[in-house]
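Colleague: File work_32.pdb follows (PDB, C-alpha atoms, pLDDT in the B column):
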```
ATOM      1  CA  MET A 157     -89.020 -43.343 -86.273  1.00 73.00           C
ATOM      2  CA  LEU A 158     -88.189 -42.867 -82.592  1.00 87.00           C
ATOM      3  CA  SER A 159     -85.442 -44.858 -80.918  1.00 92.00           C
ATOM      4  CA  LYS A 160     -84.315 -45.021 -77.311  1.00 95.00           C
ATOM      5  CA  THR A 161     -80.621 -44.807 -76.466  1.00 97.00           C
ATOM      6  CA  ARG A 162     -78.232 -43.691 -73.778  1.00 97.00           C
ATOM      7  CA  GLY A 163     -75.528 -41.182 -74.585  1.00 97.00           C
ATOM      8  CA  ILE A 164     -72.457 -39.416 -73.170  1.00 97.00           C
ATOM      9  CA  VAL A 165     -72.103 -35.709 -73.989  1.00 97.00           C
ATOM     10  CA  LEU A 166     -68.768 -34.888 -75.630  1.00 97.00           C
ATOM     11  CA  HIS A 167     -69.046 -31.319 -76.883  1.00 95.00           C
ATOM     12  CA  THR A 168     -71.608 -28.545 -77.352  1.00 93.00           C
ATOM     13  CA  LEU A 169     -71.214 -25.976 -80.112  1.00 91.00           C
ATOM     14  CA  PRO A 170     -73.443 -22.910 -80.659  1.00 87.00           C
ATOM     15  CA  TYR A 171     -75.138 -23.152 -84.055  1.00 86.00           C
ATOM     16  CA  SER A 172     -77.423 -20.131 -84.063  1.00 84.00           C
ATOM     17  CA  ASP A 173     -79.312 -17.892 -81.661  1.00 82.00           C
ATOM     18  CA  ARG A 174     -81.852 -20.658 -81.174  1.00 84.00           C
ATOM     19  CA  TYR A 175     -79.937 -23.902 -81.569  1.00 88.00           C
ATOM     20  CA  SER A 176     -76.780 -25.729 -80.517  1.00 90.00           C
ATOM     21  CA  ILE A 177     -75.138 -28.795 -82.010  1.00 94.00           C
ATOM     22  CA  VAL A 178     -74.341 -31.360 -79.333  1.00 95.00           C
ATOM     23  CA  HIS A 179     -71.927 -34.200 -80.109  1.00 97.00           C
ATOM     24  CA  ILE A 180     -72.888 -37.279 -78.125  1.00 97.00           C
ATOM     25  CA  TYR A 181     -71.410 -40.770 -78.024  1.00 98.00           C
ATOM     26  CA  THR A 182     -74.467 -43.008 -78.010  1.00 97.00           C
ATOM     27  CA  GLU A 183     -74.923 -46.621 -77.025  1.00 97.00           C
ATOM     28  CA  SER A 184     -76.967 -47.460 -80.132  1.00 96.00           C
ATOM     29  CA  PHE A 185     -75.496 -45.314 -82.927  1.00 96.00           C
ATOM     30  CA  GLY A 186     -71.922 -44.431 -81.993  1.00 96.00           C
ATOM     31  CA  ARG A 187     -71.015 -40.764 -82.191  1.00 97.00           C
ATOM     32  CA  VAL A 188     -73.887 -38.558 -83.313  1.00 96.00           C
ATOM     33  CA  ALA A 189     -74.391 -34.815 -83.765  1.00 96.00           C
ATOM     34  CA  TYR A 190     -77.782 -33.575 -82.508  1.00 95.00           C
ATOM     35  CA  LEU A 191     -79.502 -30.272 -83.190  1.00 92.00           C
ATOM     36  CA  VAL A 192     -80.866 -29.062 -79.870  1.00 89.00           C
ATOM     37  CA  ALA A 193     -83.047 -26.023 -79.253  1.00 83.00           C
ATOM     38  CA  ARG A 194     -81.779 -23.704 -76.557  1.00 72.00           C
ATOM     39  CA  ARG A 195     -84.255 -23.671 -73.701  1.00 64.00           C
ATOM     40  CA  ARG A 196     -85.634 -20.367 -72.506  1.00 56.00           C
ATOM     41  CA  ARG A 197     -86.903 -18.933 -69.239  1.00 53.00           C
ATOM     42  CA  GLY A 198     -87.100 -21.392 -66.351  1.00 49.00           C
ATOM     43  CA  LYS A 199     -85.921 -24.372 -68.381  1.00 50.00           C
ATOM     44  CA  THR A 200     -82.596 -22.832 -69.321  1.00 46.00           C
ATOM     45  CA  ALA A 201     -80.682 -24.030 -66.262  1.00 45.00           C
ATOM     46  CA  VAL A 202     -82.101 -27.544 -66.631  1.00 48.00           C
ATOM     47  CA  ALA A 203     -81.005 -27.790 -70.267  1.00 67.00           C
ATOM     48  CA  ARG A 204     -77.495 -26.573 -69.503  1.00 69.00           C
ATOM     49  CA  ALA A 205     -77.132 -29.102 -66.704  1.00 73.00           C
ATOM     50  CA  LEU A 206     -78.125 -31.927 -69.049  1.00 86.00           C
ATOM     51  CA  PHE A 207     -75.439 -30.982 -71.558  1.00 89.00           C
ATOM     52  CA  LEU A 208     -72.490 -30.601 -69.210  1.00 92.00           C
ATOM     53  CA  PRO A 209     -69.412 -32.433 -70.601  1.00 95.00           C
ATOM     54  CA  LEU A 210     -69.637 -36.209 -70.016  1.00 96.00           C
ATOM     55  CA  SER A 211     -73.227 -36.040 -68.782  1.00 96.00           C
ATOM     56  CA  ALA A 212     -75.003 -39.377 -69.241  1.00 96.00           C
ATOM     57  CA  LEU A 213     -78.432 -39.074 -70.876  1.00 96.00           C
ATOM     58  CA  GLU A 214     -81.407 -41.279 -71.618  1.00 96.00           C
ATOM     59  CA  MET A 215     -82.865 -40.082 -74.916  1.00 95.00           C
ATOM     60  CA  ASP A 216     -85.722 -40.611 -77.334  1.00 94.00           C
ATOM     61  CA  VAL A 217     -84.234 -39.655 -80.693  1.00 94.00           C
ATOM     62  CA  GLU A 218     -85.137 -39.404 -84.348  1.00 91.00           C
ATOM     63  CA  HIS A 219     -82.380 -41.242 -86.189  1.00 91.00           C
ATOM     64  CA  LEU A 220     -82.133 -41.375 -89.974  1.00 90.00           C
ATOM     65  CA  ASN A 221     -78.951 -42.769 -91.532  1.00 85.00           C
ATOM     66  CA  THR A 222     -79.308 -40.331 -94.421  1.00 86.00           C
ATOM     67  CA  ARG A 223     -79.201 -37.315 -92.094  1.00 90.00           C
ATOM     68  CA  GLU A 224     -75.935 -35.858 -90.777  1.00 91.00           C
ATOM     69  CA  ILE A 225     -77.521 -34.060 -87.823  1.00 93.00           C
ATOM     70  CA  GLN A 226     -80.176 -35.870 -85.800  1.00 94.00           C
ATOM     71  CA  ARG A 227     -82.844 -34.663 -83.377  1.00 92.00           C
ATOM     72  CA  ILE A 228     -83.649 -35.423 -79.753  1.00 92.00           C
ATOM     73  CA  ARG A 229     -87.329 -35.610 -78.822  1.00 91.00           C
ATOM     74  CA  GLU A 230     -87.041 -36.313 -75.092  1.00 91.00           C
ATOM     75  CA  MET A 231     -84.131 -36.611 -72.683  1.00 92.00           C
ATOM     76  CA  LYS A 232     -83.290 -36.954 -69.021  1.00 93.00           C
ATOM     77  CA  ALA A 233     -80.159 -37.561 -66.970  1.00 94.00           C
ATOM     78  CA  CYS A 234     -79.225 -41.183 -66.291  1.00 94.00           C
ATOM     79  CA  TYR A 235     -77.690 -39.912 -63.059  1.00 91.00           C
ATOM     80  CA  PRO A 236     -77.260 -36.258 -62.085  1.00 87.00           C
ATOM     81  CA  LEU A 237     -73.789 -34.724 -62.007  1.00 91.00           C
ATOM     82  CA  ILE A 238     -73.697 -32.941 -58.662  1.00 92.00           C
ATOM     83  CA  ALA A 239     -70.188 -33.438 -57.241  1.00 93.00           C
ATOM     84  CA  ILE A 240     -68.314 -32.948 -60.525  1.00 94.00           C
ATOM     85  CA  PRO A 241     -69.484 -29.386 -61.352  1.00 92.00           C
ATOM     86  CA  ALA A 242     -68.944 -28.307 -57.726  1.00 92.00           C
ATOM     87  CA  HIS A 243     -65.471 -29.816 -57.373  1.00 92.00           C
ATOM     88  CA  PRO A 244     -62.725 -27.711 -59.062  1.00 91.00           C
ATOM     89  CA  VAL A 245     -60.404 -30.673 -59.735  1.00 91.00           C
ATOM     90  CA  LYS A 246     -63.142 -33.002 -60.979  1.00 94.00           C
ATOM     91  CA  ASN A 247     -64.610 -30.261 -63.146  1.00 94.00           C
ATOM     92  CA  ILE A 248     -61.337 -29.534 -64.950  1.00 94.00           C
ATOM     93  CA  ILE A 249     -60.595 -33.260 -65.346  1.00 95.00           C
ATOM     94  CA  VAL A 250     -63.986 -33.750 -67.009  1.00 96.00           C
ATOM     95  CA  LEU A 251     -63.414 -30.828 -69.401  1.00 96.00           C
ATOM     96  CA  PHE A 252     -60.034 -32.287 -70.340  1.00 97.00           C
ATOM     97  CA  LEU A 253     -61.308 -35.850 -70.855  1.00 97.00           C
ATOM     98  CA  ALA A 254     -64.343 -34.678 -72.826  1.00 97.00           C
ATOM     99  CA  GLU A 255     -62.031 -32.839 -75.216  1.00 97.00           C
ATOM    100  CA  ILE A 256     -59.865 -35.956 -75.571  1.00 97.00           C
ATOM    101  CA  LEU A 257     -62.932 -38.048 -76.416  1.00 97.00           C
ATOM    102  CA  TYR A 258     -64.240 -35.420 -78.831  1.00 96.00           C
ATOM    103  CA  ARG A 259     -60.947 -35.624 -80.746  1.00 95.00           C
ATOM    104  CA  THR A 260     -60.477 -39.404 -80.642  1.00 95.00           C
ATOM    105  CA  VAL A 261     -63.878 -41.108 -80.752  1.00 95.00           C
ATOM    106  CA  HIS A 262     -65.249 -40.502 -84.246  1.00 91.00           C
ATOM    107  CA  THR A 263     -66.864 -43.807 -85.167  1.00 89.00           C
ATOM    108  CA  LYS A 264     -70.523 -43.885 -86.093  1.00 89.00           C
ATOM    109  CA  GLU A 265     -70.663 -47.586 -85.267  1.00 91.00           C
ATOM    110  CA  PRO A 266     -71.862 -48.537 -81.780  1.00 95.00           C
ATOM    111  CA  ASP A 267     -69.383 -50.128 -79.386  1.00 96.00           C
ATOM    112  CA  ALA A 268     -71.110 -51.460 -76.281  1.00 96.00           C
ATOM    113  CA  ARG A 269     -67.839 -52.022 -74.394  1.00 97.00           C
ATOM    114  CA  LEU A 270     -66.576 -48.498 -75.031  1.00 97.00           C
ATOM    115  CA  PHE A 271     -69.913 -46.974 -74.075  1.00 98.00           C
ATOM    116  CA  GLU A 272     -70.057 -48.935 -70.826  1.00 97.00           C
ATOM    117  CA  TYR A 273     -66.485 -47.908 -70.011  1.00 97.00           C
ATOM    118  CA  LEU A 274     -67.322 -44.212 -70.453  1.00 98.00           C
ATOM    119  CA  TYR A 275     -70.613 -44.516 -68.595  1.00 97.00           C
ATOM    120  CA  GLU A 276     -69.138 -46.271 -65.556  1.00 97.00           C
ATOM    121  CA  SER A 277     -66.013 -44.074 -65.528  1.00 97.00           C
ATOM    122  CA  VAL A 278     -68.001 -40.853 -65.204  1.00 96.00           C
ATOM    123  CA  ARG A 279     -70.182 -42.454 -62.549  1.00 95.00           C
ATOM    124  CA  TRP A 280     -67.060 -43.471 -60.624  1.00 95.00           C
ATOM    125  CA  LEU A 281     -65.646 -39.941 -60.763  1.00 96.00           C
ATOM    126  CA  GLU A 282     -68.949 -38.475 -59.584  1.00 95.00           C
ATOM    127  CA  LEU A 283     -69.029 -40.756 -56.538  1.00 93.00           C
ATOM    128  CA  SER A 284     -65.291 -40.909 -55.780  1.00 89.00           C
ATOM    129  CA  ASP A 285     -63.867 -39.112 -52.750  1.00 82.00           C
ATOM    130  CA  GLU A 286     -60.213 -40.193 -52.995  1.00 78.00           C
ATOM    131  CA  GLY A 287     -57.594 -40.653 -55.684  1.00 73.00           C
ATOM    132  CA  VAL A 288     -59.110 -38.023 -57.965  1.00 88.00           C
ATOM    133  CA  ALA A 289     -55.676 -36.690 -58.958  1.00 88.00           C
ATOM    134  CA  ASN A 290     -54.945 -40.043 -60.645  1.00 90.00           C
ATOM    135  CA  PHE A 291     -58.335 -40.466 -62.303  1.00 94.00           C
ATOM    136  CA  HIS A 292     -57.475 -38.943 -65.689  1.00 95.00           C
ATOM    137  CA  LEU A 293     -54.273 -41.011 -65.892  1.00 94.00           C
ATOM    138  CA  VAL A 294     -56.181 -44.255 -65.342  1.00 95.00           C
ATOM    139  CA  PHE A 295     -58.974 -43.175 -67.699  1.00 97.00           C
ATOM    140  CA  LEU A 296     -56.623 -42.344 -70.583  1.00 96.00           C
ATOM    141  CA  ILE A 297     -54.374 -45.385 -70.289  1.00 94.00           C
ATOM    142  CA  HIS A 298     -57.347 -47.760 -70.307  1.00 95.00           C
ATOM    143  CA  LEU A 299     -59.196 -45.833 -73.007  1.00 97.00           C
ATOM    144  CA  VAL A 300     -56.540 -46.879 -75.534  1.00 95.00           C
ATOM    145  CA  ARG A 301     -57.681 -50.488 -75.046  1.00 94.00           C
ATOM    146  CA  TYR A 302     -61.003 -49.537 -76.657  1.00 95.00           C
ATOM    147  CA  LEU A 303     -59.222 -47.507 -79.338  1.00 94.00           C
ATOM    148  CA  GLY A 304     -57.217 -50.600 -80.330  1.00 92.00           C
ATOM    149  CA  VAL A 305     -53.713 -49.479 -79.324  1.00 93.00           C
ATOM    150  CA  TYR A 306     -53.247 -50.828 -75.780  1.00 93.00           C
ATOM    151  CA  PRO A 307     -49.578 -51.451 -74.828  1.00 93.00           C
ATOM    152  CA  ASN A 308     -48.202 -54.939 -74.231  1.00 93.00           C
ATOM    153  CA  ALA A 309     -47.752 -54.918 -70.456  1.00 91.00           C
ATOM    154  CA  GLU A 310     -46.608 -58.564 -70.408  1.00 91.00           C
ATOM    155  CA  SER A 311     -43.313 -57.559 -72.046  1.00 92.00           C
ATOM    156  CA  TYR A 312     -42.206 -55.511 -69.000  1.00 94.00           C
ATOM    157  CA  ARG A 313     -39.006 -56.413 -67.178  1.00 93.00           C
ATOM    158  CA  PRO A 314     -37.197 -54.304 -64.523  1.00 93.00           C
ATOM    159  CA  GLY A 315     -34.726 -51.923 -66.129  1.00 94.00           C
ATOM    160  CA  CYS A 316     -36.297 -52.060 -69.585  1.00 96.00           C
ATOM    161  CA  TYR A 317     -37.419 -49.289 -71.950  1.00 97.00           C
ATOM    162  CA  PHE A 318     -40.929 -48.666 -73.243  1.00 97.00           C
ATOM    163  CA  ASP A 319     -41.026 -48.371 -77.039  1.00 97.00           C
ATOM    164  CA  MET A 320     -43.993 -46.057 -77.667  1.00 96.00           C
ATOM    165  CA  VAL A 321     -44.063 -46.657 -81.422  1.00 96.00           C
ATOM    166  CA  ASN A 322     -44.500 -50.431 -81.093  1.00 96.00           C
ATOM    167  CA  GLY A 323     -46.238 -50.396 -77.696  1.00 95.00           C
ATOM    168  CA  ILE A 324     -43.847 -52.855 -76.046  1.00 95.00           C
ATOM    169  CA  PHE A 325     -41.143 -52.920 -73.372  1.00 97.00           C
ATOM    170  CA  THR A 326     -37.670 -53.745 -74.689  1.00 96.00           C
ATOM    171  CA  GLY A 327     -34.286 -54.532 -73.141  1.00 95.00           C
ATOM    172  CA  ASN A 328     -32.480 -51.846 -75.147  1.00 95.00           C
ATOM    173  CA  PRO A 329     -33.388 -48.315 -76.261  1.00 95.00           C
ATOM    174  CA  PRO A 330     -35.103 -48.282 -79.686  1.00 95.00           C
ATOM    175  CA  GLU A 331     -33.385 -46.554 -82.584  1.00 94.00           C
ATOM    176  CA  HIS A 332     -36.100 -43.905 -82.745  1.00 95.00           C
ATOM    177  CA  ARG A 333     -36.632 -41.166 -80.116  1.00 95.00           C
ATOM    178  CA  HIS A 334     -40.149 -42.097 -78.973  1.00 96.00           C
ATOM    179  CA  TYR A 335     -39.385 -44.216 -75.935  1.00 96.00           C
ATOM    180  CA  LEU A 336     -39.350 -44.017 -72.133  1.00 96.00           C
ATOM    181  CA  ASP A 337     -36.135 -44.464 -70.162  1.00 94.00           C
ATOM    182  CA  GLU A 338     -35.819 -46.999 -67.343  1.00 94.00           C
ATOM    183  CA  SER A 339     -37.348 -44.831 -64.608  1.00 91.00           C
ATOM    184  CA  GLU A 340     -40.178 -43.550 -66.828  1.00 92.00           C
ATOM    185  CA  SER A 341     -40.905 -47.094 -67.983  1.00 94.00           C
ATOM    186  CA  THR A 342     -41.247 -48.262 -64.383  1.00 92.00           C
ATOM    187  CA  VAL A 343     -43.726 -45.474 -63.654  1.00 90.00           C
ATOM    188  CA  PHE A 344     -45.611 -46.268 -66.873  1.00 92.00           C
ATOM    189  CA  TYR A 345     -45.844 -49.949 -65.932  1.00 93.00           C
ATOM    190  CA  ARG A 346     -47.271 -48.966 -62.554  1.00 90.00           C
ATOM    191  CA  LEU A 347     -49.891 -46.970 -64.399  1.00 91.00           C
ATOM    192  CA  LEU A 348     -50.863 -49.988 -66.530  1.00 92.00           C
ATOM    193  CA  ARG A 349     -51.593 -51.887 -63.314  1.00 91.00           C
ATOM    194  CA  MET A 350     -53.835 -49.174 -61.922  1.00 92.00           C
ATOM    195  CA  ASN A 351     -57.628 -49.088 -62.028  1.00 92.00           C
ATOM    196  CA  TYR A 352     -60.300 -46.980 -60.351  1.00 93.00           C
ATOM    197  CA  ALA A 353     -60.513 -49.338 -57.382  1.00 91.00           C
ATOM    198  CA  ASN A 354     -56.812 -49.208 -56.519  1.00 91.00           C
ATOM    199  CA  MET A 355     -55.751 -45.782 -57.831  1.00 90.00           C
ATOM    200  CA  THR A 356     -55.724 -44.336 -54.289  1.00 87.00           C
ATOM    201  CA  VAL A 357     -52.766 -46.529 -53.280  1.00 87.00           C
ATOM    202  CA  TYR A 358     -50.497 -45.214 -56.041  1.00 85.00           C
ATOM    203  CA  ALA A 359     -48.691 -41.989 -55.230  1.00 83.00           C
ATOM    204  CA  PHE A 360     -47.024 -39.794 -57.841  1.00 82.00           C
ATOM    205  CA  SER A 361     -45.132 -36.580 -57.337  1.00 82.00           C
ATOM    206  CA  ARG A 362     -46.292 -33.517 -59.252  1.00 81.00           C
ATOM    207  CA  ARG A 363     -43.314 -33.878 -61.553  1.00 82.00           C
ATOM    208  CA  GLU A 364     -44.071 -37.562 -62.212  1.00 83.00           C
ATOM    209  CA  ARG A 365     -47.751 -36.868 -62.853  1.00 85.00           C
ATOM    210  CA  SER A 366     -46.941 -34.016 -65.233  1.00 86.00           C
ATOM    211  CA  ARG A 367     -44.427 -36.162 -67.091  1.00 88.00           C
ATOM    212  CA  ILE A 368     -46.807 -39.113 -67.287  1.00 90.00           C
ATOM    213  CA  ILE A 369     -49.650 -37.138 -68.843  1.00 93.00           C
ATOM    214  CA  CYS A 370     -47.285 -35.595 -71.410  1.00 93.00           C
ATOM    215  CA  ARG A 371     -46.063 -39.053 -72.366  1.00 94.00           C
ATOM    216  CA  ILE A 372     -49.594 -40.454 -72.594  1.00 95.00           C
ATOM    217  CA  LEU A 373     -50.572 -37.650 -74.961  1.00 96.00           C
ATOM    218  CA  GLU A 374     -47.443 -38.379 -77.005  1.00 95.00           C
ATOM    219  CA  TYR A 375     -48.564 -42.013 -77.230  1.00 96.00           C
ATOM    220  CA  TYR A 376     -51.982 -40.857 -78.436  1.00 96.00           C
ATOM    221  CA  ARG A 377     -50.395 -38.635 -81.098  1.00 95.00           C
ATOM    222  CA  LEU A 378     -48.236 -41.511 -82.344  1.00 95.00           C
ATOM    223  CA  HIS A 379     -51.116 -43.968 -82.715  1.00 95.00           C
ATOM    224  CA  LEU A 380     -54.237 -41.928 -83.451  1.00 92.00           C
ATOM    225  CA  PRO A 381     -54.522 -40.050 -86.768  1.00 83.00           C
ATOM    226  CA  ASP A 382     -55.312 -36.335 -86.600  1.00 84.00           C
ATOM    227  CA  PHE A 383     -54.919 -36.149 -82.823  1.00 90.00           C
ATOM    228  CA  SER A 384     -54.660 -32.382 -82.513  1.00 86.00           C
ATOM    229  CA  GLU A 385     -53.651 -30.084 -79.679  1.00 89.00           C
ATOM    230  CA  ILE A 386     -55.751 -30.400 -76.523  1.00 94.00           C
ATOM    231  CA  LYS A 387     -56.602 -26.840 -75.525  1.00 93.00           C
ATOM    232  CA  SER A 388     -57.679 -27.711 -71.974  1.00 94.00           C
ATOM    233  CA  PHE A 389     -54.341 -29.429 -71.260  1.00 93.00           C
ATOM    234  CA  ALA A 390     -52.697 -26.194 -70.080  1.00 90.00           C
ATOM    235  CA  VAL A 391     -55.520 -25.626 -67.580  1.00 90.00           C
ATOM    236  CA  LEU A 392     -55.155 -29.186 -66.296  1.00 90.00           C
ATOM    237  CA  GLN A 393     -51.401 -28.780 -65.881  1.00 86.00           C
ATOM    238  CA  SER A 394     -51.780 -25.531 -63.963  1.00 84.00           C
ATOM    239  CA  LEU A 395     -54.151 -27.296 -61.588  1.00 76.00           C
ATOM    240  CA  PHE A 396     -51.445 -29.730 -60.478  1.00 68.00           C
ATOM    241  CA  ASP A 397     -48.478 -27.314 -60.600  1.00 62.00           C
TER     242      ASP A 397
END
```
The structure given in the file should be rewritten as structure tokens.
Modeller:
Amino acid sequence: MLSKTRGIVLHTLPYSDRYSIVHIYTESFGRVAYLVARRRRGKTAVARALFLPLSALEMDVEHLNTREIQRIREMKACYPLIAIPAHPVKNIIVLFLAEILYRTVHTKEPDARLFEYLYESVRWLELSDEGVANFHLVFLIHLVRYLGVYPNAESYRPGCYFDMVNGIFTGNPPEHRHYLDESESTVFYRLLRMNYANMTVYAFSRRERSRIICRILEYYRLHLPDFSEIKSFAVLQSLFD
């Protein structure tokens, strides 16, 4: 039975000389692995463009709950990614975020809010001209809302500490070592107030940005089981060094 769904490409893995397995977060079925034939001759470039990390696709798929790997019958781009592949910073950010999503979004249950967040985020990055250096920070801090571990921003007070284990701001340092000091907590609170529309007005030094992303990844490791090393992180860091 054929079904129509939109999807966001997370990861492509070679399976054989003829096929690849593409992991896609779909609007209708959650995360799904699809067996996709590698296109030949003139269609090769088109197929590769469709499966760039975080590409948004409209698909006609065969979906059987008893099958681990599904099949795509027809597909096309919801909107073409033109600026992202041509922009060095955007391209590396997308590779980094796609790897994060591949390692954190495992559910096979659909989540309309999460899908819409991913869909509109990639669209924003494609069309955005300013504030790109802050995009991945905003994306990651708001992604945790959909993963169920969003911090309690209402508990912030000037001069407080952010307890990363419990996700709250406190007046005194916690007894454990996973917390942000006063200056880091202030920067982190600023980040919680950011969104794509206002991210251009927030300025961070290279040192602050590097520290922030390290702390965000630490927060992910504390709250998400099996959150493994992000291989593209070193490339992202070198971009902003």
Colleague: Which residues are near Val343 of chain A? Cut-off 9 Å, only C-alpha atoms, ignore same chain within fewer than 3 positions. Put them as a list in words.
Modeller: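 Here the qualifying residues turn out to be Glu338, Ser339, Glu340, Arg346, Leu347, Leu348, Phe360, Glu364 and Ile368 of chain A.
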Colleague: Could you state the separation of atom CA of His334 of chain A and atom CA of Arg313 of chain A in Å, given to one decimal place?
Modeller: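 Separation between atom CA of His334 of chain A and atom CA of Arg313 of chain A: 18.6 Å.
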Colleague: Once the PyMOL selection byres ((chain A and resi 234) around 7) is applied to the coordinates I shared, what remains selected? I want it as a PyMOL selection string.
Modeller: chain A and resi 212-214+232-233+235-236
Colleague: For the provided coordinates, the residues matched by the PyMOL selection byres ((chain A and resi 357) around 12) should be stated as a list of chain:residue names.
Modeller: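 Checking the PyMOL selection byres ((chain A and resi 357) around 12) against this file, the residues are A:Glu286, A:Gly287, A:Val288, A:Ala289, A:Asn290, A:Arg346, A:Leu347, A:Arg349, A:Met350, A:Asn351, A:Tyr352, A:Ala353, A:Asn354, A:Met355, A:Thr356, A:Tyr358, A:Ala359, A:Phe360.
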Colleague: Which of these, A:Thr222, A:Ser277, A:Thr260, A:Ser366, has the shortest distance to His379 of chain A once you count only C-alpha atoms?
Modeller: A:Thr260
Colleague: May I have the protein, DNA and RNA residues with an atom at most 8 Å from (-52.9, -45.4, -69.3), counting all atoms listed in the file in the file's coordinates, returned as a list of chain:residue names?
Modeller: A:Leu293, A:Val294, A:Phe295, A:Leu296, A:Ile297, A:His298, A:Leu299, A:Val300, A:Phe344, A:Leu347, A:Leu348, A:Ile372
Colleague: Take the residues from that selection and write them out as a PDB file, in the frame of the given file, keeping C-alpha atoms.
Modeller:
```pdb
ATOM      1  CA  LEU A 293     -54.273 -41.011 -65.892  1.00 94.00           C
ATOM      2  CA  VAL A 294     -56.181 -44.255 -65.342  1.00 95.00           C
ATOM      3  CA  PHE A 295     -58.974 -43.175 -67.699  1.00 97.00           C
ATOM      4  CA  LEU A 296     -56.623 -42.344 -70.583  1.00 96.00           C
ATOM      5  CA  ILE A 297     -54.374 -45.385 -70.289  1.00 94.00           C
ATOM      6  CA  HIS A 298     -57.347 -47.760 -70.307  1.00 95.00           C
ATOM      7  CA  LEU A 299     -59.196 -45.833 -73.007  1.00 97.00           C
ATOM      8  CA  VAL A 300     -56.540 -46.879 -75.534  1.00 95.00           C
ATOM      9  CA  PHE A 344     -45.611 -46.268 -66.873  1.00 92.00           C
ATOM     10  CA  LEU A 347     -49.891 -46.970 -64.399  1.00 91.00           C
ATOM     11  CA  LEU A 348     -50.863 -49.988 -66.530  1.00 92.00           C
ATOM     12  CA  ILE A 372     -49.594 -40.454 -72.594  1.00 95.00           C
TER      13      ILE A 372
END
```
Colleague: Padding of 3 Å on every side, edges along x, y and z, all listed atoms of segment 305-310 of chain A included: what centre and edge lengths in Å, to one decimal, does that box have, as lines of an AutoDock Vina configuration file?
Modeller:
```
center_x = -50.2
center_y = -54.0
center_z = -74.9
size_x = 13.1
size_y = 15.1
size_z = 14.9
```
Colleague: Any idea what the distance is between atom CA of Val178 of chain A and atom CA of Leu253 of chain A?
Modeller: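 We find that atom CA of Val178 of chain A and atom CA of Leu253 of chain A lie 16.2 Å from each other.
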Colleague: Which residue, A:Lys264, A:Phe207, A:Ile240, A:Ile248, has the smallest gap to Gly186 of chain A when you use only C-alpha atoms?
Modeller: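 When distances to Gly186 of chain A are compared using only C-alpha atoms, the smallest one comes from A:Lys264.
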Colleague: Got a sec to resolve the PyMOL selection byres ((chain A and resi 303-312) around 6) on this structure and send the residues as an NGL selection string?
Modeller: :A and (300-302 or 313 or 323-325)
Colleague: Just give me the gap between atom CA of Glu230 of chain A and atom CA of Met215 of chain A in Å, one decimal is fine.
Modeller: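 Taking atom CA of Glu230 of chain A as the start and atom CA of Met215 of chain A as the end point, the length is 5.6 Å.
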Colleague: Quick one: of A:Thr263, A:Ser341, A:Thr161, A:Ser388, who's nearest to Met320 of chain A, counting all atoms listed in the file?
Modeller: A:Ser341
Colleague: Looking at all atoms listed in the file, which of A:Asp337, A:Asp173, A:Glu255, A:Asp382 is the one that sits closest to Arg194 of chain A?
Modeller: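 That would be A:Asp173, the residue with the smallest distance to Arg194 of chain A.
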